[in-house]
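Just query-v4.cif here, mmCIF, C-alpha atoms and all ligand atoms:
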```cif
data_query
loop_
_atom_site.label_atom_id
_atom_site.label_comp_id
_atom_site.auth_asym_id
_atom_site.auth_seq_id
_atom_site.Cartn_x
_atom_site.Cartn_y
_atom_site.Cartn_z
CA MET J 758 -63.29 -14.46 -42.89
CA PRO J 759 -66.14 -14.64 -40.43
CA GLU J 760 -69.33 -13.34 -41.99
CA LEU J 761 -72.44 -12.14 -40.20
CA PRO J 762 -73.80 -15.62 -39.38
CA GLU J 763 -70.42 -16.60 -37.89
CA VAL J 764 -70.19 -13.34 -35.94
CA GLU J 765 -73.77 -13.81 -34.69
CA SER J 766 -72.90 -17.36 -33.66
CA ALA J 767 -69.85 -16.02 -31.78
CA ARG J 768 -72.08 -13.35 -30.20
CA VAL J 769 -74.55 -15.92 -28.90
CA GLY J 770 -71.70 -17.95 -27.41
CA LEU J 771 -70.02 -14.88 -25.90
CA ASP J 772 -73.24 -13.54 -24.44
CA ARG J 773 -73.86 -16.90 -22.79
CA VAL J 774 -70.41 -17.11 -21.17
CA ALA J 775 -69.45 -13.47 -20.56
CA ARG J 776 -72.74 -11.85 -19.51
CA ASN J 777 -72.60 -10.47 -15.95
CA LYS J 778 -68.86 -11.15 -15.68
CA GLN J 779 -66.80 -8.41 -14.05
CA ILE J 780 -63.41 -7.62 -15.57
CA GLN J 781 -60.63 -7.93 -13.03
CA ALA J 782 -57.65 -7.54 -15.36
CA ILE J 783 -56.80 -7.44 -19.04
CA GLU J 784 -53.55 -8.60 -20.55
CA VAL J 785 -52.60 -7.21 -23.95
CA TYR J 786 -49.82 -9.02 -25.77
CA TRP J 787 -50.21 -7.26 -29.12
CA PRO J 788 -51.05 -3.58 -28.57
CA ASN J 789 -51.64 -2.88 -32.28
CA LEU J 790 -54.97 -4.70 -31.95
CA ILE J 791 -56.16 -1.88 -29.70
CA SER J 792 -57.33 1.16 -31.62
CA THR J 793 -57.42 4.04 -29.10
CA ASN J 794 -56.16 7.52 -28.32
CA LEU J 795 -55.43 6.36 -24.80
CA SER J 796 -52.25 4.67 -23.68
CA ILE J 797 -52.67 0.91 -23.32
CA ASP J 798 -52.37 1.41 -19.60
CA GLU J 799 -55.23 3.92 -19.52
CA TRP J 800 -57.26 1.75 -21.87
CA GLN J 801 -56.89 -1.21 -19.52
CA LYS J 802 -57.77 0.96 -16.51
CA THR J 803 -60.95 2.16 -18.23
CA LEU J 804 -62.15 -1.43 -18.60
CA ILE J 805 -61.09 -2.87 -15.27
CA ASP J 806 -63.90 -3.34 -12.72
CA GLN J 807 -66.57 -2.93 -15.40
CA THR J 808 -69.23 -5.61 -15.83
CA ILE J 809 -70.28 -7.03 -19.19
CA HIS J 810 -74.05 -6.58 -19.16
CA GLN J 811 -74.66 -8.00 -22.62
CA VAL J 812 -72.82 -8.90 -25.81
CA SER J 813 -74.66 -7.43 -28.80
CA ARG J 814 -73.78 -6.91 -32.43
CA ARG J 815 -73.94 -4.23 -35.10
CA GLY J 816 -73.13 -5.64 -38.53
CA LYS J 817 -69.96 -7.67 -38.06
CA TYR J 818 -68.93 -5.74 -34.94
CA LEU J 819 -69.30 -7.49 -31.58
CA VAL J 820 -70.28 -5.07 -28.83
CA PHE J 821 -69.49 -5.72 -25.16
CA GLU J 822 -71.91 -3.48 -23.27
CA LEU J 823 -70.11 -2.40 -20.08
CA ASP J 824 -71.06 -0.03 -17.24
CA THR J 825 -69.88 3.19 -18.89
CA HIS J 826 -68.44 2.11 -22.22
CA LEU J 827 -68.98 -0.17 -25.19
CA LEU J 828 -66.02 -2.32 -26.15
CA VAL J 829 -66.34 -2.99 -29.87
CA SER J 830 -64.52 -5.99 -31.31
CA HIS J 831 -64.07 -6.58 -35.03
CA LEU J 832 -62.80 -10.07 -35.84
CA ARG J 833 -61.74 -9.24 -39.40
CA MET J 834 -59.99 -12.24 -41.01
CA GLU J 835 -59.18 -14.72 -38.27
CA GLY J 836 -60.19 -13.33 -34.89
CA LYS J 837 -61.96 -15.67 -32.48
CA TYR J 838 -62.66 -16.08 -28.79
CA PHE J 839 -62.10 -18.94 -26.42
CA TYR J 840 -63.61 -19.06 -22.95
CA PHE J 841 -62.06 -21.00 -20.10
CA LEU J 842 -63.46 -21.80 -16.68
CA LYS J 843 -60.94 -21.38 -13.85
CA GLU J 844 -60.08 -25.08 -13.83
CA ASP J 845 -59.59 -25.26 -17.61
CA ILE J 846 -57.22 -22.33 -18.12
CA PRO J 847 -54.23 -23.51 -20.15
CA GLN J 848 -50.85 -23.46 -18.38
CA GLU J 849 -49.32 -21.53 -21.23
CA LYS J 850 -51.21 -19.11 -23.42
CA ALA J 851 -51.62 -20.18 -27.04
CA LYS J 852 -49.17 -18.58 -29.46
CA HIS J 853 -51.88 -16.55 -31.20
CA THR J 854 -53.75 -15.42 -28.09
CA HIS J 855 -53.14 -11.68 -27.95
CA VAL J 856 -55.63 -10.35 -25.40
CA ILE J 857 -56.83 -12.04 -22.21
CA PHE J 858 -59.79 -10.82 -20.19
CA LYS J 859 -59.63 -12.09 -16.62
CA PHE J 860 -62.92 -12.10 -14.76
CA THR J 861 -63.47 -11.82 -11.00
CA ASP J 862 -64.88 -15.37 -10.86
CA GLY J 863 -61.54 -16.75 -12.09
CA SER J 864 -62.70 -17.55 -15.63
CA GLN J 865 -60.97 -16.04 -18.67
CA LEU J 866 -61.81 -14.98 -22.20
CA HIS J 867 -58.96 -15.29 -24.71
CA TYR J 868 -58.89 -13.36 -27.98
CA HIS J 869 -57.01 -15.38 -30.58
CA ASP J 870 -55.99 -13.94 -33.95
CA VAL J 871 -53.49 -15.66 -36.25
CA ARG J 872 -53.21 -12.72 -38.65
CA LYS J 873 -53.63 -9.93 -36.08
CA PHE J 874 -56.05 -7.98 -38.32
CA GLY J 875 -58.78 -7.76 -35.67
CA ARG J 876 -59.41 -4.53 -33.80
CA PHE J 877 -60.76 -3.39 -30.43
CA GLU J 878 -62.32 0.05 -30.15
CA LEU J 879 -63.92 1.80 -27.23
CA THR J 880 -66.88 4.15 -27.34
CA SER J 881 -69.31 5.52 -24.77
CA TYR J 882 -73.10 5.06 -24.72
CA LYS J 883 -73.45 8.75 -25.59
CA ASP J 884 -71.14 8.50 -28.62
CA GLN J 885 -72.26 5.14 -29.97
CA ALA J 886 -74.57 6.48 -32.71
CA ALA J 887 -71.80 8.69 -34.13
CA PHE J 888 -69.33 5.84 -33.75
CA PHE J 889 -71.39 3.42 -35.85
CA ASN J 890 -72.38 6.16 -38.32
CA SER J 891 -68.68 6.72 -39.00
CA LYS J 892 -68.46 3.05 -40.05
CA LYS J 893 -71.07 3.72 -42.78
CA LEU J 894 -73.03 0.62 -41.89
CA GLY J 895 -76.24 -0.12 -43.73
CA PRO J 896 -79.27 -1.73 -42.07
CA GLU J 897 -79.29 -5.25 -40.64
CA PRO J 898 -80.49 -7.86 -43.17
CA THR J 899 -83.89 -8.37 -41.57
CA GLU J 900 -87.43 -7.96 -42.87
CA GLU J 901 -88.01 -5.02 -40.50
CA ALA J 902 -84.75 -3.11 -40.93
CA PHE J 903 -83.84 -3.65 -44.59
CA ASP J 904 -86.13 -1.39 -46.60
CA LEU J 905 -86.72 -2.29 -50.27
CA THR J 906 -87.35 1.28 -51.47
CA GLU J 907 -84.19 2.61 -49.84
CA PHE J 908 -82.16 -0.32 -51.19
CA SER J 909 -83.51 0.19 -54.70
CA LYS J 910 -82.80 3.95 -54.61
CA ALA J 911 -79.24 3.37 -53.42
CA LEU J 912 -78.51 0.78 -56.13
CA GLN J 913 -79.75 3.14 -58.86
CA LYS J 914 -76.92 5.53 -57.90
CA LYS J 915 -74.16 2.92 -58.10
CA SER J 916 -72.42 1.89 -61.28
CA ARG J 917 -69.97 -0.44 -59.52
CA ALA J 918 -70.40 -4.22 -59.74
CA ILE J 919 -73.33 -5.41 -57.62
CA LYS J 920 -71.00 -7.79 -55.76
CA THR J 921 -68.66 -4.93 -54.81
CA VAL J 922 -71.60 -2.79 -53.66
CA LEU J 923 -72.93 -5.60 -51.44
CA LEU J 924 -69.49 -6.25 -49.91
CA SER J 925 -69.16 -2.57 -48.91
CA GLN J 926 -71.74 -3.03 -46.06
CA GLU J 927 -73.13 0.43 -46.84
CA GLN J 928 -76.49 -0.71 -48.26
CA VAL J 929 -76.96 -3.72 -46.00
CA VAL J 930 -74.59 -5.25 -43.47
CA GLY J 931 -73.47 -8.83 -43.11
CA LEU J 932 -72.58 -10.14 -46.54
CA GLY J 933 -68.99 -11.28 -47.02
CA ASN J 934 -67.48 -13.13 -49.94
CA ILE J 935 -69.26 -16.44 -49.33
CA TYR J 936 -72.83 -15.23 -48.88
CA VAL J 937 -72.61 -12.63 -51.63
CA ASP J 938 -71.88 -15.38 -54.14
CA GLU J 939 -74.72 -17.48 -52.74
CA VAL J 940 -77.36 -14.71 -52.81
CA LEU J 941 -76.39 -13.57 -56.31
CA PHE J 942 -76.72 -17.17 -57.49
CA ASP J 943 -80.12 -17.52 -55.80
CA SER J 944 -81.19 -14.30 -57.49
CA GLY J 945 -79.88 -15.19 -60.96
CA ILE J 946 -77.67 -12.08 -61.03
CA TYR J 947 -74.20 -12.04 -62.64
CA PRO J 948 -71.82 -10.66 -59.97
CA GLU J 949 -70.15 -8.07 -62.21
CA ARG J 950 -73.36 -6.41 -63.38
CA PRO J 951 -73.44 -2.70 -62.56
CA ALA J 952 -75.73 -2.21 -59.55
CA ASN J 953 -77.79 0.35 -61.48
CA SER J 954 -78.60 -2.20 -64.22
CA LEU J 955 -80.72 -4.36 -61.91
CA THR J 956 -84.48 -4.34 -62.49
CA GLU J 957 -86.95 -3.65 -59.68
CA LYS J 958 -87.92 -7.31 -59.78
CA GLU J 959 -84.30 -8.41 -59.42
CA ILE J 960 -83.71 -5.99 -56.55
CA ALA J 961 -86.78 -7.27 -54.70
CA LEU J 962 -85.67 -10.88 -55.19
CA LEU J 963 -82.12 -10.05 -54.12
CA ARG J 964 -83.34 -8.40 -50.92
CA THR J 965 -85.52 -11.40 -50.05
CA ASN J 966 -82.66 -13.80 -50.74
CA ILE J 967 -80.23 -11.76 -48.61
CA ILE J 968 -82.63 -11.85 -45.66
CA GLN J 969 -83.39 -15.56 -46.05
CA THR J 970 -79.80 -16.69 -46.63
CA ILE J 971 -78.41 -14.83 -43.63
CA GLU J 972 -81.27 -16.05 -41.46
CA ARG J 973 -80.78 -19.68 -42.55
CA ALA J 974 -76.99 -19.54 -42.17
CA THR J 975 -77.29 -17.93 -38.75
CA GLY J 976 -79.64 -20.70 -37.68
CA LEU J 977 -77.04 -23.25 -38.70
CA GLY J 978 -74.19 -21.46 -36.92
CA GLY J 979 -72.55 -20.16 -40.09
CA SER J 980 -70.07 -21.86 -42.38
CA THR J 981 -66.72 -23.28 -41.48
CA ILE J 982 -64.27 -22.18 -44.13
CA ARG J 983 -60.59 -22.39 -43.29
CA THR J 984 -60.10 -21.82 -39.58
CA TYR J 985 -63.37 -20.37 -38.35
CA LYS J 986 -64.82 -21.90 -35.19
CA ASN J 987 -67.33 -20.36 -32.88
CA THR J 988 -66.43 -19.63 -29.29
CA LEU J 989 -67.51 -23.01 -28.05
CA GLY J 990 -65.37 -24.70 -30.67
CA GLU J 991 -68.33 -26.02 -32.63
CA ALA J 992 -68.13 -25.93 -36.39
CA GLY J 993 -70.91 -24.16 -38.28
CA ARG J 994 -72.94 -26.37 -40.63
CA TYR J 995 -73.90 -23.99 -43.43
CA GLN J 996 -70.99 -25.09 -45.64
CA ASP J 997 -73.02 -28.24 -46.46
CA TYR J 998 -75.62 -26.01 -48.11
CA LEU J 999 -73.35 -23.82 -50.24
CA GLN J 1000 -74.38 -23.92 -53.89
CA VAL J 1001 -71.64 -22.03 -55.75
CA TYR J 1002 -69.03 -20.83 -53.26
CA GLY J 1003 -65.93 -23.01 -53.67
CA LYS J 1004 -67.80 -25.16 -56.23
CA GLN J 1005 -65.92 -24.12 -59.38
CA GLY J 1006 -65.64 -27.02 -61.84
CA THR J 1007 -68.70 -28.82 -60.42
CA PRO J 1008 -72.22 -28.86 -61.93
CA CYS J 1009 -74.67 -26.08 -61.08
CA PRO J 1010 -77.35 -27.47 -58.72
CA ASN J 1011 -80.03 -25.80 -60.91
CA CYS J 1012 -79.01 -26.51 -64.49
CA GLY J 1013 -75.90 -28.71 -64.48
CA THR J 1014 -73.65 -26.17 -66.23
CA THR J 1015 -70.12 -26.05 -64.81
CA ILE J 1016 -69.69 -23.39 -62.07
CA GLU J 1017 -67.01 -20.86 -62.98
CA LYS J 1018 -64.66 -18.81 -60.86
CA ILE J 1019 -63.61 -15.27 -61.74
CA LYS J 1020 -62.21 -12.26 -59.87
CA VAL J 1021 -64.45 -9.31 -59.09
CA HIS J 1022 -62.58 -6.36 -57.62
CA GLY J 1023 -59.87 -8.81 -56.55
CA ARG J 1024 -62.24 -11.23 -54.80
CA GLY J 1025 -62.65 -14.84 -55.93
CA THR J 1026 -66.21 -15.09 -57.28
CA HIS J 1027 -68.23 -18.20 -58.11
CA TYR J 1028 -71.22 -18.23 -60.46
CA CYS J 1029 -73.20 -20.22 -63.00
CA PRO J 1030 -72.86 -18.73 -66.50
CA VAL J 1031 -76.34 -19.96 -67.49
CA CYS J 1032 -78.36 -19.11 -64.34
CA GLN J 1033 -76.53 -15.79 -63.98
CA PRO J 1034 -76.12 -14.41 -67.52
CA ARG J 1035 -74.02 -11.26 -68.01
CA GLU J 1036 -76.83 -9.38 -69.67
CA GLY J 1037 -79.48 -10.37 -67.10
CA ASN J 1038 -82.36 -12.79 -67.68
CA ARG J 1039 -85.49 -11.10 -66.47
ZN ZN N 1101 -77.04 -22.95 -63.51
#
```
Would you write the structure of this file as structure tokens?
Amino acid sequence: MPELPEVESARVGLDRVARNKQIQAIEVYWPNLISTNLSIDEWQKTLIDQTIHQVSRRGKYLVFELDTHLLVSHLRMEGKYFYFLKEDIPQEKAKHTHVIFKFTDGSQLHYHDVRKFGRFELTSYKDQAAFFNSKKLGPEPTEEAFDLTEFSKALQKKSRAIKTVLLSQEQVVGLGNIYVDEVLFDSGIYPERPANSLTEKEIALLRTNIIQTIERATGLGGSTIRTYKNTLGEAGRYQDYLQVYGKQGTPCPNCGTTIEKIKVHGRGTHYCPVCQPREGNR
């Protein structure tokens, strides 16, 4: 599943290729990807002739900023984009390409999604705050936006496993299964500990590690796990730096103990039983 660094890497690529492009036509081959009250016909008509002024991001949502609307794209499990200049457009569309944006300059943007879990939503500039509020998104994982006091207060009210709380995106956006395991390892926190059992010191360390890990992974273009590729087809390089994710049965990089894999709320979870003791170590 693309996580925030992968989505940010896709955003950078999309912004580079799609900025200032005017939409001439849109082909939709799998209408269930479009979440709208409009008919597909009306939805297409709303977007046609609009220009993409910028591609931004809120959490793991990509946002195409158009003239009157924001087209919000959530990649979910396997969604990805491919951009083709006029002369490179494939003769036949790929099997898993479900939406094609045709631009007035002849280039095309193809949305590809093997599992068809991705979604497109449309909102207006006026409604965007309410739209993103309804997604219950926490702050971005940056020094400026991610407030320690607020984070600490929120965790004190949660008795669910810290890993589950972090995956919910409600306290801070951007952590998926891979980076949650990495930041909990960096912070010495056992993934199943109730969020309200963390000490102030642990919470402060966790926040710092979340910010640093996402920043570092974003700088490296994210991780390539399974089929993820960014829009330019380059593989991310963060997978070379993973410490516990997918490392079950290998020695912990800190202490040499064998990394274990368990399930937390149904998600495969990797941790070091010595560095991340169940009862906490600080
Ligand atoms: Zn260890």
Excluding Tyr868 in chain J and its own-chain neighbours fewer than 3 positions away, which residues fall within 9 Å of it when counting all atoms listed in the file? Please give them as number ranges by chain. J: 836-840, 853-858
Just C-alpha atoms for this one: save the residues we selected as a PDB file, in the coordinates of the input.
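Writing the result to part-v6.pdb gives the following:
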```
ATOM      1  CA  GLY J 836     -60.190 -13.330 -34.890  1.00  0.00           C
ATOM      2  CA  LYS J 837     -61.960 -15.670 -32.480  1.00  0.00           C
ATOM      3  CA  TYR J 838     -62.660 -16.080 -28.790  1.00  0.00           C
ATOM      4  CA  PHE J 839     -62.100 -18.940 -26.420  1.00  0.00           C
ATOM      5  CA  TYR J 840     -63.610 -19.060 -22.950  1.00  0.00           C
ATOM      6  CA  HIS J 853     -51.880 -16.550 -31.200  1.00  0.00           C
ATOM      7  CA  THR J 854     -53.750 -15.420 -28.090  1.00  0.00           C
ATOM      8  CA  HIS J 855     -53.140 -11.680 -27.950  1.00  0.00           C
ATOM      9  CA  VAL J 856     -55.630 -10.350 -25.400  1.00  0.00           C
ATOM     10  CA  ILE J 857     -56.830 -12.040 -22.210  1.00  0.00           C
ATOM     11  CA  PHE J 858     -59.790 -10.820 -20.190  1.00  0.00           C
TER      12      PHE J 858
END
```
Can you measure CA of Ala767 in chain J to CA of Arg833 in chain J for me? One decimal in Å is fine. 13.0 Å
Could you check which of J:Ile846, J:Val1001, J:Val1021, J:Val930 is closest to ligand ZN 1101 (chain N), using all atoms listed in the file? J:Val1001
Please extract the residues at most 12 Å from ligand ZN 1101 (chain N), counting all atoms listed in the file, and provide them as a PyMOL selection string, using the chain letters and residue numbers of this document. chain J and resi 941-947+1000-1001+1004-1005+1007-1017+1027-1034
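With distances restricted to all atoms listed in the file, J:Gly816 is the closest residue to Glu927 in chain J from J:Ile1019, J:Gly816, J:Thr965, J:Pro847.
Relative to CA of Leu828 in chain J, CA of Ser881 in chain J is found at 8.6 Å.
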Contacts of range 781-792 of chain J at 8 Å (only C-alpha atoms; same-chain gap of 3+ positions) as a VMD selection string: chain J and resid 797 801 805 to 806 854 to 861 873 to 879
Nearest to Glu972 in chain J, chosen from J:Asp798, J:Glu900, J:Glu959, J:Glu822, with all atoms listed in the file counted in the distances: J:Glu900
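Across the model, the gap from CA of Gln926 in chain J to CA of Lys892 in chain J is 9.2 Å.
With all atoms listed in the file as the atoms that count, the minimum distance from Ala775 in chain J to the choices J:His831, J:Lys817, J:His867, J:His826 is reached by J:His867.
Compared by their closest atoms to Gly895 in chain J, and using all atoms listed in the file, the residues J:Val940, J:Ile780, J:Leu924, J:Val829 rank with J:Leu924 nearest.
Nearest residue to Arg964 in chain J, choosing from J:Leu932, J:Lys850, J:Gln807, J:Leu832 and counting all atoms listed in the file: J:Leu932.
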Could you give me, as a PyMOL selection string, the residues that sit within 12 Å of (-63.3, -11.7, -55.8) in the file's coordinates, counting all atoms listed in the file? chain J and resi 918-921+924+933-935+937-938+948-949+1002-1003+1018-1028
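By chain and then residue number, the residues within 8 Å of Lys843 in chain J are Asp862, Gly863, Ser864 and Gln865 of chain J, counting only C-alpha atoms and disregarding those fewer than 6 positions away in sequence.
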Residues near Leu819 in chain J, anyone? I mean within 7 Å using all atoms listed in the file, not counting same-chain ones fewer than 5 positions away, as a PDB file with C-alpha atoms, keeping the file's coordinate frame.
```pdb
ATOM      1  CA  ARG J 768     -72.080 -13.350 -30.200  1.00  0.00           C
ATOM      2  CA  VAL J 812     -72.820  -8.900 -25.810  1.00  0.00           C
ATOM      3  CA  SER J 813     -74.660  -7.430 -28.800  1.00  0.00           C
ATOM      4  CA  ARG J 814     -73.780  -6.910 -32.430  1.00  0.00           C
ATOM      5  CA  VAL J 829     -66.340  -2.990 -29.870  1.00  0.00           C
ATOM      6  CA  SER J 830     -64.520  -5.990 -31.310  1.00  0.00           C
ATOM      7  CA  HIS J 831     -64.070  -6.580 -35.030  1.00  0.00           C
TER       8      HIS J 831
END
```
If we count all atoms listed in the file and set the cut-off at 12 Å, which residues sit around Ala911 in chain J, ignoring sequence neighbours fewer than 4 positions away in its own chain? Please answer as a PyMOL selection string. chain J and resi 895+904-907+915-917+919+922-923+927-929+952-953+955+960
